[in-house]
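Everything below concerns the one structure shown next.
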Amino acid sequence: MTHAIEQLRKKAQPVLRKPEAADGAAIWELVRACKPLDENSMYCNLLQADHFRDTCVVAEIDGEIMGWVSGYVLPYDAETFFVWQVAVSSKARGMGLGTLMLDHLIRRDECDGVNRLQTTITADNEASWALFRKFSDLRDGTLDAQAHFTQSLHFRGRHETEHMVTIALERETMRKAA
């Protein structure tokens, strides 16, 4: 696992860092450009970059924000990290940037007690399924998925069902982010 992550890091050569409030607009623009991601308001992305900076990451390449992951440790379950959104610029796709950002986040001190990663994905979002399967494989994790927020009950027919993806992580394979 460590060798594969290091190879991705060398290939992409991104700077992975905690976001700042000043990054909010750039993050919002990145998310808007990454269809079919749900767009949040610019203010939401600003708050994420400010209030949730310890559990979010931006990836910069040549000084430009090319990647973003927002997430948080569940307030009622300190062992679960929930990934809200992953965005990678079309200019940086195929470099393994999504995997690098997830790996970086899960190794932060703020995720010390985490042994499970969760996210929700619609059935037709092939890029997200591929990312989380790859992340699970690289982490020697176990991936499970079940319908969670349903089209009829939760979205009143206006949004596809979101499947809760849970990846059980092997803690002994995790090291702290540098």
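As shown in the structure tokens, the chain order sets the letters A, B, ...; within each chain, residues go from 1, and ligands are also counted from 1 in the order they appear.
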Problem set entry | DSSP-assigned helix (DSSP H, G or I) among chain A, expressed as number ranges by chain | A: 2-12, 21-33, 42-51, 53-55, 90-92, 97-106, 109-111, 126-138, 171-173
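Those residues that approach Ser128 of chain A to within 10 Å, counting only C-alpha atoms, are Gln85, Val86, Ala87, Gly98, Thr119, Thr120, Ile121, Thr122, Ala123, Asp124, Asn125, Leu131, Phe132, Arg133 and Lys134 of chain A; same-chain residues fewer than 3 positions away are not listed.
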Grab the residues selected above and save them as a compact mmCIF listing (two decimals), in the first residue's frame with C-alpha atoms.
# COMPACT_ATOMS: atom_id res chain seq x y z
CA GLN A 85 -17.30 15.72 -1.69
CA VAL A 86 -14.31 14.98 -3.91
CA ALA A 87 -13.49 17.25 -6.84
CA GLY A 98 -8.35 11.80 -5.44
CA THR A 119 -19.42 8.53 1.68
CA THR A 120 -22.58 8.45 -0.40
CA ILE A 121 -22.56 7.80 -4.15
CA THR A 122 -25.33 7.58 -6.74
CA ALA A 123 -25.43 4.33 -8.74
CA ASP A 124 -24.40 6.03 -12.00
CA ASN A 125 -21.35 7.94 -10.67
CA LEU A 131 -12.06 6.19 -6.69
CA PHE A 132 -13.44 4.62 -3.52
CA ARG A 133 -12.81 1.06 -4.72
CA LYS A 134 -9.21 2.00 -5.53
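For Ala33 of chain A, the residues within 8 Å (counting only C-alpha atoms, excluding itself and residues fewer than 3 positions away along the chain) are Glu29, Leu30 and Ser89 of chain A.
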Would you save the residues from that selection as an mmCIF file, in the first residue's frame, using N, CA and C atoms?
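What landed in result_5.cif:
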data_model
loop_
_atom_site.group_PDB
_atom_site.id
_atom_site.type_symbol
_atom_site.label_atom_id
_atom_site.label_comp_id
_atom_site.auth_asym_id
_atom_site.auth_seq_id
_atom_site.Cartn_x
_atom_site.Cartn_y
_atom_site.Cartn_z
ATOM 1 N N GLU A 29 -15.509 27.264 -7.572
ATOM 2 C CA GLU A 29 -15.346 27.209 -9.032
ATOM 3 C C GLU A 29 -14.931 25.814 -9.493
ATOM 4 N N LEU A 30 -14.043 25.166 -8.739
ATOM 5 C CA LEU A 30 -13.619 23.804 -9.081
ATOM 6 C C LEU A 30 -14.801 22.848 -9.033
ATOM 7 N N SER A 89 -9.933 18.611 -10.839
ATOM 8 C CA SER A 89 -9.981 19.347 -12.100
ATOM 9 C C SER A 89 -9.752 18.407 -13.280
#
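Counting only C-alpha atoms and comparing A:Leu143, A:Ala59, A:Val83, A:Ile27, the residue that lies closest to Gly96 of chain A is A:Ala59.
With atom CA of Leu46 of chain A on one side and atom CA of Asp103 of chain A on the other, the separation reads 22.9 Å.
Counting only C-alpha atoms, Leu16 of chain A has the following residues at most 12 Å away, ignoring those fewer than 5 positions along the same chain: A:Arg9, A:Cys56, A:Val57, A:Val58, A:Ala59, A:Glu60, A:Ile61, A:Asp62, A:Gly63, A:Glu64, A:Ile65, A:Met66, A:Gly67, A:Trp68, A:Val69, A:Leu97, A:Gly98, A:Thr99, A:Leu100, A:Met101, A:Leu102, A:Asp103, A:His104, A:Leu105, A:Arg108, A:Ala177, A:Ala178.
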For this session: For Thr80 of chain A, please output as a PyMOL selection string all residues within 7 Å (counting only C-alpha atoms; exclusion window: fewer than 3 positions along the same chain).
Result: chain A and resi 73-74+77+114-118
Exercise. Can you tell me, as a PyMOL selection string, what residues are no more than 7 Å from Asp140 of chain A when counting only C-alpha atoms, ignoring any on the same chain fewer than 2 positions away?
Worked result: chain A and resi 136-138+142+169-170
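The smallest atom-to-atom distance between Ala145 of chain A and any of A:Met95, A:Ile106, A:Ala130, A:Val165, using only C-alpha atoms, is found for A:Val165.
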Exercise. In Å to one decimal, how far is atom CA of Asp144 of chain A from atom CA of Gly113 of chain A?
Worked result: 20.2 Å
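Among the candidate residues A:Val88, A:Ala49, A:Val15, A:Ala127, the one lying nearest to Arg32 of chain A is A:Val88, with distances computed using only C-alpha atoms.
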